[in-house]
file my_file.cif (mmCIF, C-alpha atoms)
data_protein
#
loop_
_atom_site.group_PDB
_atom_site.id
_atom_site.type_symbol
_atom_site.label_atom_id
_atom_site.label_comp_id
_atom_site.auth_asym_id
_atom_site.auth_seq_id
_atom_site.Cartn_x
_atom_site.Cartn_y
_atom_site.Cartn_z
ATOM 1 C CA MET A 161 -24.253 28.086 -16.520
ATOM 2 C CA LYS A 162 -23.110 25.295 -14.244
ATOM 3 C CA ALA A 163 -21.797 21.938 -15.377
ATOM 4 C CA ARG A 164 -20.930 18.743 -13.589
ATOM 5 C CA ILE A 165 -18.175 16.602 -15.074
ATOM 6 C CA THR A 166 -17.670 13.022 -13.984
ATOM 7 C CA VAL A 167 -14.282 11.474 -14.739
ATOM 8 C CA MET A 168 -13.920 7.706 -14.335
ATOM 9 C CA LEU A 169 -11.152 5.249 -15.116
ATOM 10 C CA LYS A 170 -11.951 3.291 -18.274
ATOM 11 C CA ASN A 171 -13.187 -0.268 -17.971
ATOM 12 C CA GLY A 172 -10.223 -2.597 -17.955
ATOM 13 C CA VAL A 173 -7.944 -0.046 -16.266
ATOM 14 C CA LEU A 174 -7.020 -1.301 -12.798
ATOM 15 C CA ASP A 175 -8.567 0.876 -10.091
ATOM 16 C CA PRO A 176 -6.680 -0.049 -6.900
ATOM 17 C CA GLN A 177 -8.507 2.625 -4.861
ATOM 18 C CA GLY A 178 -11.891 1.236 -5.882
ATOM 19 C CA ARG A 179 -10.714 -2.237 -4.965
ATOM 20 C CA ALA A 180 -9.478 -1.056 -1.546
ATOM 21 C CA ILE A 181 -12.847 0.625 -0.900
ATOM 22 C CA ALA A 182 -14.657 -2.591 -1.870
ATOM 23 C CA ASN A 183 -12.474 -4.529 0.556
ATOM 24 C CA ALA A 184 -13.231 -2.028 3.329
ATOM 25 C CA LEU A 185 -16.980 -2.309 2.638
ATOM 26 C CA HIS A 186 -16.711 -6.117 2.799
ATOM 27 C CA SER A 187 -14.928 -5.886 6.124
ATOM 28 C CA LEU A 188 -17.811 -3.728 7.415
ATOM 29 C CA GLY A 189 -20.171 -6.557 6.497
ATOM 30 C CA PHE A 190 -21.565 -5.175 3.232
ATOM 31 C CA ASP A 191 -21.315 -8.563 1.589
ATOM 32 C CA ASN A 192 -23.541 -7.591 -1.352
ATOM 33 C CA VAL A 193 -20.865 -5.276 -2.762
ATOM 34 C CA GLU A 194 -19.558 -6.791 -6.001
ATOM 35 C CA ASP A 195 -17.344 -4.002 -7.311
ATOM 36 C CA VAL A 196 -16.419 -0.375 -6.566
ATOM 37 C CA ARG A 197 -14.950 2.159 -8.989
ATOM 38 C CA GLN A 198 -13.735 5.537 -7.768
ATOM 39 C CA GLY A 199 -13.692 8.650 -9.949
ATOM 40 C CA LYS A 200 -13.663 12.438 -9.799
ATOM 41 C CA LEU A 201 -16.463 14.967 -9.846
ATOM 42 C CA ILE A 202 -15.650 18.462 -11.123
ATOM 43 C CA GLU A 203 -18.105 21.374 -11.161
ATOM 44 C CA VAL A 204 -17.509 24.234 -13.578
ATOM 45 C CA GLN A 205 -19.313 27.571 -13.621
ATOM 46 C CA LEU A 206 -19.040 29.145 -17.066
ATOM 47 C CA LYS A 207 -20.422 31.861 -19.311
ATOM 48 C CA ALA A 208 -22.121 30.484 -22.402
ATOM 49 C CA ALA A 209 -24.580 31.764 -24.991
ATOM 50 C CA ASP A 210 -26.419 28.447 -25.129
ATOM 51 C CA GLU A 211 -26.205 24.812 -24.093
ATOM 52 C CA ALA A 212 -24.589 23.639 -27.318
ATOM 53 C CA SER A 213 -21.673 26.077 -27.078
ATOM 54 C CA ALA A 214 -21.246 25.280 -23.370
ATOM 55 C CA LYS A 215 -21.133 21.551 -24.116
ATOM 56 C CA GLY A 216 -18.628 22.111 -26.899
ATOM 57 C CA GLU A 217 -16.346 24.115 -24.663
ATOM 58 C CA LEU A 218 -16.655 21.683 -21.746
ATOM 59 C CA ASP A 219 -15.863 18.802 -24.062
ATOM 60 C CA ALA A 220 -12.679 20.581 -25.179
ATOM 61 C CA MET A 221 -11.721 21.195 -21.512
ATOM 62 C CA CYS A 222 -12.123 17.501 -20.753
ATOM 63 C CA ARG A 223 -10.049 16.420 -23.731
ATOM 64 C CA GLN A 224 -7.252 18.908 -23.056
ATOM 65 C CA LEU A 225 -6.979 18.818 -19.276
ATOM 66 C CA LEU A 226 -9.743 17.486 -17.061
ATOM 67 C CA ALA A 227 -9.497 13.855 -18.225
ATOM 68 C CA ASN A 228 -6.582 11.834 -19.543
ATOM 69 C CA PRO A 229 -8.044 9.979 -22.556
ATOM 70 C CA ILE A 230 -5.476 7.187 -22.226
ATOM 71 C CA ILE A 231 -6.918 6.038 -18.907
ATOM 72 C CA GLU A 232 -10.159 7.948 -18.302
ATOM 73 C CA ASN A 233 -13.671 8.499 -19.678
ATOM 74 C CA TYR A 234 -15.732 11.588 -18.880
ATOM 75 C CA ARG A 235 -19.361 12.643 -18.878
ATOM 76 C CA VAL A 236 -20.601 16.230 -18.976
ATOM 77 C CA GLU A 237 -23.991 17.279 -17.516
ATOM 78 C CA LEU A 238 -25.390 20.801 -17.559
ATOM 79 C CA LEU A 239 -27.182 21.614 -14.309
ATOM 80 C CA MET B 69 27.246 19.598 -22.814
ATOM 81 C CA LYS B 70 24.980 22.424 -21.670
ATOM 82 C CA ALA B 71 21.898 21.526 -19.692
ATOM 83 C CA ALA B 72 18.844 23.212 -18.221
ATOM 84 C CA VAL B 73 16.723 21.990 -15.308
ATOM 85 C CA ILE B 74 13.094 23.128 -15.184
ATOM 86 C CA VAL B 75 11.930 24.034 -11.677
ATOM 87 C CA PHE B 76 8.205 23.837 -10.924
ATOM 88 C CA PRO B 77 6.523 24.785 -7.675
ATOM 89 C CA GLY B 78 6.801 21.464 -5.841
ATOM 90 C CA SER B 79 9.889 20.152 -7.650
ATOM 91 C CA ASN B 80 12.197 18.590 -5.074
ATOM 92 C CA CYS B 81 14.885 16.773 -7.079
ATOM 93 C CA ASP B 82 15.977 19.785 -9.142
ATOM 94 C CA ARG B 83 19.087 20.424 -7.059
ATOM 95 C CA ASP B 84 20.064 16.738 -6.950
ATOM 96 C CA VAL B 85 19.921 16.701 -10.758
ATOM 97 C CA ALA B 86 21.926 19.942 -10.916
ATOM 98 C CA VAL B 87 24.675 18.488 -8.699
ATOM 99 C CA THR B 88 24.876 15.364 -10.869
ATOM 100 C CA LEU B 89 24.904 17.348 -14.117
ATOM 101 C CA GLU B 90 27.691 19.579 -12.831
ATOM 102 C CA ALA B 91 29.712 16.553 -11.683
ATOM 103 C CA VAL B 92 29.338 14.874 -15.079
ATOM 104 C CA THR B 93 29.618 17.850 -17.447
ATOM 105 C CA GLY B 94 31.757 20.260 -15.419
ATOM 106 C CA GLN B 95 29.196 23.006 -15.994
ATOM 107 C CA LYS B 96 26.397 24.269 -13.801
ATOM 108 C CA PRO B 97 23.038 23.763 -15.539
ATOM 109 C CA ALA B 98 20.674 26.667 -16.071
ATOM 110 C CA MET B 99 17.834 26.504 -13.547
ATOM 111 C CA VAL B 100 14.657 27.636 -15.323
ATOM 112 C CA TRP B 101 11.571 28.622 -13.302
ATOM 113 C CA HIS B 102 8.200 27.324 -14.530
ATOM 114 C CA GLY B 103 6.861 30.830 -15.180
ATOM 115 C CA GLU B 104 9.499 31.506 -17.857
ATOM 116 C CA THR B 105 8.399 31.257 -21.457
ATOM 117 C CA ALA B 106 11.744 30.326 -23.008
ATOM 118 C CA VAL B 107 14.518 27.820 -22.330
ATOM 119 C CA PRO B 108 18.119 28.946 -22.952
ATOM 120 C CA ARG B 109 19.940 27.222 -25.824
ATOM 121 C CA VAL B 110 21.120 23.921 -24.339
ATOM 122 C CA ASP B 111 21.755 20.314 -25.408
ATOM 123 C CA LEU B 112 19.634 18.720 -22.671
ATOM 124 C CA ILE B 113 16.519 19.765 -20.742
ATOM 125 C CA VAL B 114 15.690 17.867 -17.533
ATOM 126 C CA LEU B 115 12.247 17.806 -15.938
ATOM 127 C CA PRO B 116 13.075 16.734 -12.366
ATOM 128 C CA GLY B 117 11.165 14.736 -9.783
ATOM 129 C CA GLY B 118 8.857 16.172 -7.162
ATOM 130 C CA PHE B 119 5.208 17.078 -6.835
ATOM 131 C CA SER B 120 4.705 19.871 -9.353
ATOM 132 C CA TYR B 121 1.603 21.942 -8.550
ATOM 133 C CA GLY B 122 0.896 19.599 -5.641
ATOM 134 C CA ASP B 123 -0.041 16.747 -8.004
ATOM 135 C CA TYR B 124 -3.441 18.464 -8.397
ATOM 136 C CA LEU B 125 -5.916 16.782 -10.780
ATOM 137 C CA ARG B 126 -3.388 14.113 -11.907
ATOM 138 C CA SER B 127 0.360 13.929 -11.304
ATOM 139 C CA GLY B 128 2.002 16.100 -13.947
ATOM 140 C CA ALA B 129 -1.264 17.339 -15.469
ATOM 141 C CA MET B 130 -0.979 20.989 -14.460
ATOM 142 C CA ALA B 131 2.735 21.244 -15.256
ATOM 143 C CA ALA B 132 2.140 19.737 -18.704
ATOM 144 C CA HIS B 133 0.157 22.855 -19.637
ATOM 145 C CA SER B 134 2.480 25.441 -18.054
ATOM 146 C CA PRO B 135 4.131 28.054 -20.306
ATOM 147 C CA ILE B 136 7.600 26.589 -19.835
ATOM 148 C CA VAL B 137 6.497 23.150 -21.056
ATOM 149 C CA ARG B 138 5.260 24.760 -24.282
ATOM 150 C CA ALA B 139 8.808 26.096 -24.663
ATOM 151 C CA VAL B 140 10.226 22.631 -23.870
ATOM 152 C CA LYS B 141 8.031 21.184 -26.651
ATOM 153 C CA ASP B 142 9.470 23.725 -29.096
ATOM 154 C CA GLU B 143 13.035 22.842 -28.059
ATOM 155 C CA ALA B 144 12.250 19.125 -28.374
ATOM 156 C CA LYS B 145 11.053 19.758 -31.947
ATOM 157 C CA ARG B 146 14.468 21.318 -32.664
ATOM 158 C CA GLY B 147 16.110 18.069 -31.499
ATOM 159 C CA VAL B 148 17.163 19.060 -27.972
ATOM 160 C CA ALA B 149 17.263 15.986 -25.714
ATOM 161 C CA VAL B 150 14.598 15.984 -22.985
ATOM 162 C CA LEU B 151 14.809 13.784 -19.871
ATOM 163 C CA GLY B 152 11.894 13.427 -17.455
ATOM 164 C CA ILE B 153 12.589 11.763 -14.122
ATOM 165 C CA CYS B 154 9.684 10.540 -11.946
ATOM 166 C CA ASN B 155 7.339 13.578 -11.855
ATOM 167 C CA GLY B 156 9.145 14.713 -15.014
ATOM 168 C CA PHE B 157 8.107 11.420 -16.686
ATOM 169 C CA GLN B 158 4.514 12.008 -15.565
ATOM 170 C CA ILE B 159 4.660 15.532 -17.050
ATOM 171 C CA LEU B 160 6.016 14.249 -20.391
ATOM 172 C CA THR B 161 3.211 11.681 -20.719
ATOM 173 C CA GLU B 162 0.574 14.261 -19.747
ATOM 174 C CA ALA B 163 2.074 16.662 -22.312
ATOM 175 C CA GLY B 164 1.780 13.988 -25.011
ATOM 176 C CA LEU B 165 5.546 13.920 -25.602
ATOM 177 C CA LEU B 166 5.781 10.292 -24.441
ATOM 178 C CA PRO B 167 3.240 7.467 -24.836
ATOM 179 C CA GLY B 168 1.210 6.001 -21.968
ATOM 180 C CA ALA B 169 0.238 7.241 -18.525
ATOM 181 C CA LEU B 170 1.491 6.813 -14.950
ATOM 182 C CA MET B 171 -1.175 5.607 -12.551
ATOM 183 C CA ARG B 172 -1.533 4.995 -8.814
ATOM 184 C CA ASN B 173 0.757 2.145 -7.663
ATOM 185 C CA ALA B 174 -1.147 -1.137 -7.530
ATOM 186 C CA SER B 175 -0.345 -1.426 -3.797
ATOM 187 C CA LEU B 176 -1.617 2.147 -3.189
ATOM 188 C CA HIS B 177 1.610 2.719 -1.231
ATOM 189 C CA TYR B 178 4.223 5.362 -1.730
ATOM 190 C CA ILE B 179 7.351 3.276 -2.398
ATOM 191 C CA CYS B 180 10.846 4.581 -1.702
ATOM 192 C CA ARG B 181 13.593 1.983 -2.188
ATOM 193 C CA ASP B 182 16.201 0.613 -4.568
ATOM 194 C CA VAL B 183 14.876 -1.464 -7.451
ATOM 195 C CA GLY B 184 16.501 -3.710 -10.032
ATOM 196 C CA LEU B 185 16.286 -2.581 -13.641
ATOM 197 C CA LYS B 186 17.170 -4.193 -16.944
ATOM 198 C CA VAL B 187 18.544 -1.975 -19.720
ATOM 199 C CA ASP B 188 16.420 -2.900 -22.737
ATOM 200 C CA ARG B 189 18.001 -0.419 -25.122
ATOM 201 C CA ALA B 190 21.658 0.593 -24.836
ATOM 202 C CA ASP B 191 21.642 2.408 -28.173
ATOM 203 C CA THR B 192 19.755 5.569 -27.188
ATOM 204 C CA PRO B 193 21.447 8.897 -26.371
ATOM 205 C CA PHE B 194 20.433 8.297 -22.736
ATOM 206 C CA THR B 195 21.787 4.764 -22.330
ATOM 207 C CA ASN B 196 24.833 4.322 -24.576
ATOM 208 C CA ALA B 197 27.131 3.944 -21.529
ATOM 209 C CA TYR B 198 25.273 0.771 -20.495
ATOM 210 C CA ALA B 199 25.506 -2.714 -21.969
ATOM 211 C CA PRO B 200 22.359 -4.139 -23.603
ATOM 212 C CA GLY B 201 20.515 -6.339 -21.112
ATOM 213 C CA GLU B 202 22.634 -5.053 -18.232
ATOM 214 C CA GLN B 203 21.124 -5.247 -14.761
ATOM 215 C CA VAL B 204 21.411 -2.008 -12.762
ATOM 216 C CA THR B 205 20.090 -0.617 -9.483
ATOM 217 C CA MET B 206 18.430 2.769 -8.909
ATOM 218 C CA PRO B 207 16.003 4.052 -6.284
ATOM 219 C CA ILE B 208 12.347 4.787 -6.886
ATOM 220 C CA ALA B 209 10.279 7.213 -4.794
ATOM 221 C CA HIS B 210 6.700 7.539 -6.011
ATOM 222 C CA LYS B 211 3.040 6.757 -5.484
ATOM 223 C CA ASP B 212 1.912 7.217 -9.096
ATOM 224 C CA GLY B 213 4.362 5.097 -11.061
ATOM 225 C CA ALA B 214 2.351 2.245 -12.553
ATOM 226 C CA TYR B 215 2.946 2.543 -16.290
ATOM 227 C CA PHE B 216 -0.229 2.071 -18.308
ATOM 228 C CA ALA B 217 -1.034 1.891 -21.992
ATOM 229 C CA ASP B 218 -3.612 -0.354 -23.670
ATOM 230 C CA ASP B 219 -2.496 -3.621 -25.302
ATOM 231 C CA GLU B 220 -2.404 -2.139 -28.787
ATOM 232 C CA ALA B 221 -0.276 0.819 -27.643
ATOM 233 C CA LEU B 222 2.034 -1.480 -25.651
ATOM 234 C CA ASP B 223 2.564 -3.697 -28.697
ATOM 235 C CA ARG B 224 3.365 -0.609 -30.753
ATOM 236 C CA ILE B 225 5.769 0.835 -28.125
ATOM 237 C CA GLU B 226 7.561 -2.498 -27.795
ATOM 238 C CA GLY B 227 7.538 -3.073 -31.553
ATOM 239 C CA GLU B 228 9.188 0.301 -32.115
ATOM 240 C CA GLY B 229 11.813 -0.498 -29.464
ATOM 241 C CA GLN B 230 10.756 2.395 -27.229
ATOM 242 C CA VAL B 231 11.044 0.542 -23.909
ATOM 243 C CA VAL B 232 14.434 1.489 -22.419
ATOM 244 C CA PHE B 233 14.273 0.251 -18.817
ATOM 245 C CA ARG B 234 12.199 -2.544 -17.276
ATOM 246 C CA TYR B 235 11.872 -3.507 -13.618
ATOM 247 C CA ALA B 236 13.745 -6.763 -13.052
ATOM 248 C CA PRO B 237 14.147 -9.077 -10.054
ATOM 249 C CA ARG B 238 17.343 -8.719 -8.014
ATOM 250 C CA PRO B 239 18.400 -12.181 -6.839
ATOM 251 C CA ASP B 240 21.009 -10.618 -4.497
ATOM 252 C CA THR B 241 18.387 -8.871 -2.366
ATOM 253 C CA GLY B 242 15.364 -11.069 -3.015
ATOM 254 C CA ASP B 243 13.634 -8.122 -4.769
ATOM 255 C CA SER B 244 10.917 -9.694 -6.918
ATOM 256 C CA GLY B 245 10.910 -6.976 -9.605
ATOM 257 C CA ASN B 246 7.966 -4.822 -10.726
ATOM 258 C CA PRO B 247 7.253 -2.745 -7.596
ATOM 259 C CA ASN B 248 4.193 -0.801 -8.708
ATOM 260 C CA GLY B 249 2.059 -2.773 -11.160
ATOM 261 C CA SER B 250 3.549 -1.255 -14.321
ATOM 262 C CA ARG B 251 2.302 -3.054 -17.406
ATOM 263 C CA ARG B 252 4.980 -5.284 -18.965
ATOM 264 C CA ASP B 253 7.381 -4.146 -16.197
ATOM 265 C CA ILE B 254 8.003 -0.841 -18.004
ATOM 266 C CA ALA B 255 10.123 1.643 -16.003
ATOM 267 C CA GLY B 256 11.307 3.990 -18.768
ATOM 268 C CA VAL B 257 10.456 4.783 -22.403
ATOM 269 C CA VAL B 258 11.668 6.990 -25.233
ATOM 270 C CA ASP B 259 9.633 8.719 -27.932
ATOM 271 C CA GLY B 260 9.878 7.693 -31.578
ATOM 272 C CA SER B 261 12.865 9.986 -32.178
ATOM 273 C CA HIS B 262 14.766 8.572 -29.160
ATOM 274 C CA ARG B 263 15.494 12.194 -28.112
ATOM 275 C CA ILE B 264 12.901 12.293 -25.321
ATOM 276 C CA MET B 265 13.051 9.857 -22.409
ATOM 277 C CA GLY B 266 11.069 9.423 -19.216
ATOM 278 C CA LEU B 267 11.707 7.033 -16.349
ATOM 279 C CA MET B 268 10.293 6.583 -12.866
ATOM 280 C CA PRO B 269 13.565 5.555 -11.110
ATOM 281 C CA HIS B 270 15.919 8.337 -9.994
ATOM 282 C CA PRO B 271 19.319 8.088 -11.753
ATOM 283 C CA GLU B 272 20.466 11.299 -10.020
ATOM 284 C CA ARG B 273 20.109 9.543 -6.661
ATOM 285 C CA ALA B 274 22.484 6.795 -7.842
ATOM 286 C CA ALA B 275 25.251 9.023 -9.146
ATOM 287 C CA ASP B 276 27.743 9.139 -6.280
ATOM 288 C CA ALA B 277 29.584 6.161 -4.775
ATOM 289 C CA ALA B 278 29.175 7.667 -1.294
ATOM 290 C CA LEU B 279 25.403 7.956 -1.724
ATOM 291 C CA GLY B 280 23.972 4.651 -2.874
ATOM 292 C CA GLY B 281 25.857 3.656 -6.012
ATOM 293 C CA THR B 282 26.716 5.022 -9.426
ATOM 294 C CA ASP B 283 24.462 3.077 -11.811
ATOM 295 C CA GLY B 284 22.458 6.237 -12.526
ATOM 296 C CA ARG B 285 25.468 8.414 -13.245
ATOM 297 C CA ARG B 286 26.071 6.604 -16.533
ATOM 298 C CA LEU B 287 22.729 7.834 -17.845
ATOM 299 C CA PHE B 288 24.045 11.402 -17.655
ATOM 300 C CA GLU B 289 27.440 10.308 -18.993
ATOM 301 C CA SER B 290 25.692 8.733 -21.971
ATOM 302 C CA LEU B 291 24.353 12.165 -22.927
ATOM 303 C CA THR B 292 27.863 13.629 -23.128
ATOM 304 C CA HIS B 293 28.952 11.091 -25.780
#

call {"tool": "encode", "arguments": {"input": "my_file.cif", "output": "structure tokens"}}
result
Amino acid sequence: MKARITVMLKNGVLDPQGRAIANALHSLGFDNVEDVRQGKLIEVQLKAADEASAKGELDAMCRQLLANPIIENYRVELL
Amino acid sequence: MKAAVIVFPGSNCDRDVAVTLEAVTGQKPAMVWHGETAVPRVDLIVLPGGFSYGDYLRSGAMAAHSPIVRAVKDEAKRGVAVLGICNGFQILTEAGLLPGALMRNASLHYICRDVGLKVDRADTPFTNAYAPGEQVTMPIAHKDGAYFADDEALDRIEGEGQVVFRYAPRPDTGDSGNPNGSRRDIAGVVDGSHRIMGLMPHPERAADAALGGTDGRRLFESLTH
């Protein structure tokens, strides 16, 4: 089974990289850009009996390592 | 005082810390490789600066789950003092031994220079050789040093007196203070027991009069008292 995990900084946590990207887009003339947030995309290939057990295990991976709950949110999708 | 320095792949301040520890305590510290599963019986464990595991995923994240850090957690539970400097601070927050997180500097720049610090707490095992409120100078060298915790956590950390060092302006050099966007100017914190401390500045790089001052040396001297 393959999963895609998206890790993003929580709302309210300053994202200086996102801000720098927004500034660069403005300087290229993309004046409609209002905000940019940058995150991480992690793909995991795993063995699992069913979707529920895969989701449970992926959730544990995110909580223990893949995301830092103090600053980040995550979303798990099975592909 | 016996000390151990944990060496991760990518640590680069381990030998600087060892030199300082030997100068202060008269004994060579044990150098413990990250693949070990036990720390020798010591009074102090130092997690040094560097780029453990190449800063993959998040600075300190991989090291926080290495076998040796599990052993460090066990030693910390027994009351052994643990000091994390720079990357070591990042590892201690990622391991859940200290509150908060260290994020990308607000400027996005790697910053390597002396900064002014105010000693908020001079009654911890790490800072008893300083005067409360004293202004000191130590270098920083990091890209991920912006201290973050949410408002509620910051209130709790401050309420419990866990902030030990804060960035402070240096009128003598025109340094305006907070170099990296740390919330509430926080540069170093202790855990609730005051036996575990992390800080972003490098006290071991300010521990020899011939090499940029001695304000950091007193942190190690504090631990011998």

call {"tool": "residues_around", "arguments": {"input": "my_file.cif", "residues": "Gly78 of chain B", "least_positions_apart": "2", "cutoff": "7 Å", "atoms": "all atoms listed in the file", "output": "ChimeraX atom specification"}}
result
/B:76,80,118-122

call {"tool": "write_last_selection", "arguments": {"input": "my_file.cif", "atoms": "C-alpha atoms", "output": "mmCIF file, in the coordinates of the input"}}
result
data_model
loop_
_atom_site.group_PDB
_atom_site.id
_atom_site.type_symbol
_atom_site.label_atom_id
_atom_site.label_comp_id
_atom_site.auth_asym_id
_atom_site.auth_seq_id
_atom_site.Cartn_x
_atom_site.Cartn_y
_atom_site.Cartn_z
ATOM 1 C CA PHE B 76 8.205 23.837 -10.924
ATOM 2 C CA ASN B 80 12.197 18.590 -5.074
ATOM 3 C CA GLY B 118 8.857 16.172 -7.162
ATOM 4 C CA PHE B 119 5.208 17.078 -6.835
ATOM 5 C CA SER B 120 4.705 19.871 -9.353
ATOM 6 C CA TYR B 121 1.603 21.942 -8.550
ATOM 7 C CA GLY B 122 0.896 19.599 -5.641
#

call {"tool": "closest_atom_pairs", "arguments": {"input": "my_file.cif", "of": "chain A", "to": "chain B", "cutoff": "8 Å", "atoms": "all atoms listed in the file", "output": "Markdown table"}}
result
| residue | atom | partner | partner_atom | distance |
| --- | --- | --- | --- | --- |
| A:Leu174 | CA | B:Ala174 | CA | 7.9 |
| A:Pro176 | CA | B:Ala174 | CA | 5.7 |
| A:Gln177 | CA | B:Leu176 | CA | 7.1 |
| A:Leu225 | CA | B:Ala129 | CA | 7.0 |
| A:Leu226 | CA | B:Leu125 | CA | 7.4 |
| A:Asn228 | CA | B:Glu162 | CA | 7.6 |
| A:Ile230 | CA | B:Gly168 | CA | 6.8 |
| A:Ile231 | CA | B:Ala169 | CA | 7.3 |

call {"tool": "residues_near_point", "arguments": {"input": "my_file.cif", "point": "(5.2, 0.7, -9.8)", "cutoff": "6 Å", "atoms": "all atoms listed in the file", "output": "ChimeraX atom specification"}}
result
/B:173,213-214,247-250

call {"tool": "resolve_selection", "arguments": {"input": "my_file.cif", "expression": "the PyMOL selection byres ((chain B and resi 100) around 9)", "output": "ChimeraX atom specification"}}
result
/B:72-76,98-99,101-104,106-108,136

call {"tool": "resolve_selection", "arguments": {"input": "my_file.cif", "expression": "the PyMOL selection byres ((chain B and resi 147-159) around 6)", "output": "ChimeraX atom specification"}}
result
/B:111-118,128,132,143-146,160-163,263-268

call {"tool": "resolve_selection", "arguments": {"input": "my_file.cif", "expression": "the PyMOL selection byres ((chain B and resi 181-192) around 6)", "output": "ChimeraX atom specification"}}
result
/B:180,193-196,198-208,232-238

call {"tool": "atom_distance", "arguments": {"input": "my_file.cif", "atom1": "atom CA of Asp175 of chain A", "atom2": "atom CA of Val137 of chain B"}}
result
29.0 Å

call {"tool": "residues_around", "arguments": {"input": "my_file.cif", "residues": "Lys215 of chain A", "least_positions_apart": "6", "cutoff": "10 Å", "atoms": "all atoms listed in the file", "output": "ChimeraX atom specification"}}
result
/A:163,208,221,236-238

call {"tool": "atom_distance", "arguments": {"input": "my_file.cif", "atom1": "atom CA of Tyr234 of chain A", "atom2": "atom CA of Arg164 of chain A"}}
result
10.3 Å

call {"tool": "residues_around", "arguments": {"input": "my_file.cif", "residues": "Ile181 of chain A", "least_positions_apart": "2", "cutoff": "12 Å", "atoms": "all atoms listed in the file", "output": "tab-separated table (two decimals) with C-alpha atoms, in the frame of the given file"}}
result
chain	number	residue	atom	x	y	z
A	175	ASP	CA	-8.57	0.88	-10.09
A	176	PRO	CA	-6.68	-0.05	-6.90
A	177	GLN	CA	-8.51	2.62	-4.86
A	178	GLY	CA	-11.89	1.24	-5.88
A	179	ARG	CA	-10.71	-2.24	-4.96
A	183	ASN	CA	-12.47	-4.53	0.56
A	184	ALA	CA	-13.23	-2.03	3.33
A	185	LEU	CA	-16.98	-2.31	2.64
A	186	HIS	CA	-16.71	-6.12	2.80
A	187	SER	CA	-14.93	-5.89	6.12
A	188	LEU	CA	-17.81	-3.73	7.42
A	190	PHE	CA	-21.56	-5.18	3.23
A	193	VAL	CA	-20.86	-5.28	-2.76
A	194	GLU	CA	-19.56	-6.79	-6.00
A	195	ASP	CA	-17.34	-4.00	-7.31
A	196	VAL	CA	-16.42	-0.38	-6.57
A	197	ARG	CA	-14.95	2.16	-8.99
A	198	GLN	CA	-13.74	5.54	-7.77
B	176	LEU	CA	-1.62	2.15	-3.19

call {"tool": "atom_distance", "arguments": {"input": "my_file.cif", "atom1": "atom CA of Arg235 of chain A", "atom2": "atom CA of Lys162 of chain A"}}
result
14.0 Å

call {"tool": "closest_residue", "arguments": {"input": "my_file.cif", "among": "B:Pro135, B:Ala86, B:Pro239, B:Ala197", "to": "Arg286 of chain B", "atoms": "all atoms listed in the file"}}
result
B:Ala197

call {"tool": "axis_aligned_box", "arguments": {"input": "my_file.cif", "around": "segment 209-213 of chain B", "padding_each_side": "8 Å", "output": "lines of an AutoDock Vina configuration file"}}
result
center_x = 6.1
center_y = 6.3
center_z = -7.9
size_x = 24.4
size_y = 18.4
size_z = 22.3

call {"tool": "residues_near_point", "arguments": {"input": "my_file.cif", "point": "(18.6, 5.2, -8.6)", "cutoff": "6 Å", "atoms": "all atoms listed in the file", "output": "PDB file with C-alpha atoms, in the frame of the given file"}}
result
ATOM      1  CA  MET B 206      18.430   2.769  -8.909  1.00  0.00           C
ATOM      2  CA  PRO B 207      16.003   4.052  -6.284  1.00  0.00           C
ATOM      3  CA  PRO B 269      13.565   5.555 -11.110  1.00  0.00           C
ATOM      4  CA  HIS B 270      15.919   8.337  -9.994  1.00  0.00           C
ATOM      5  CA  PRO B 271      19.319   8.088 -11.753  1.00  0.00           C
ATOM      6  CA  ARG B 273      20.109   9.543  -6.661  1.00  0.00           C
ATOM      7  CA  ALA B 274      22.484   6.795  -7.842  1.00  0.00           C
ATOM      8  CA  GLY B 284      22.458   6.237 -12.526  1.00  0.00           C
TER       9      GLY B 284
END

call {"tool": "closest_residue", "arguments": {"input": "my_file.cif", "among": "B:Asp219, B:Ser290, B:Gly164, B:Ala139", "to": "Pro229 of chain A", "atoms": "all atoms listed in the file"}}
result
B:Gly164
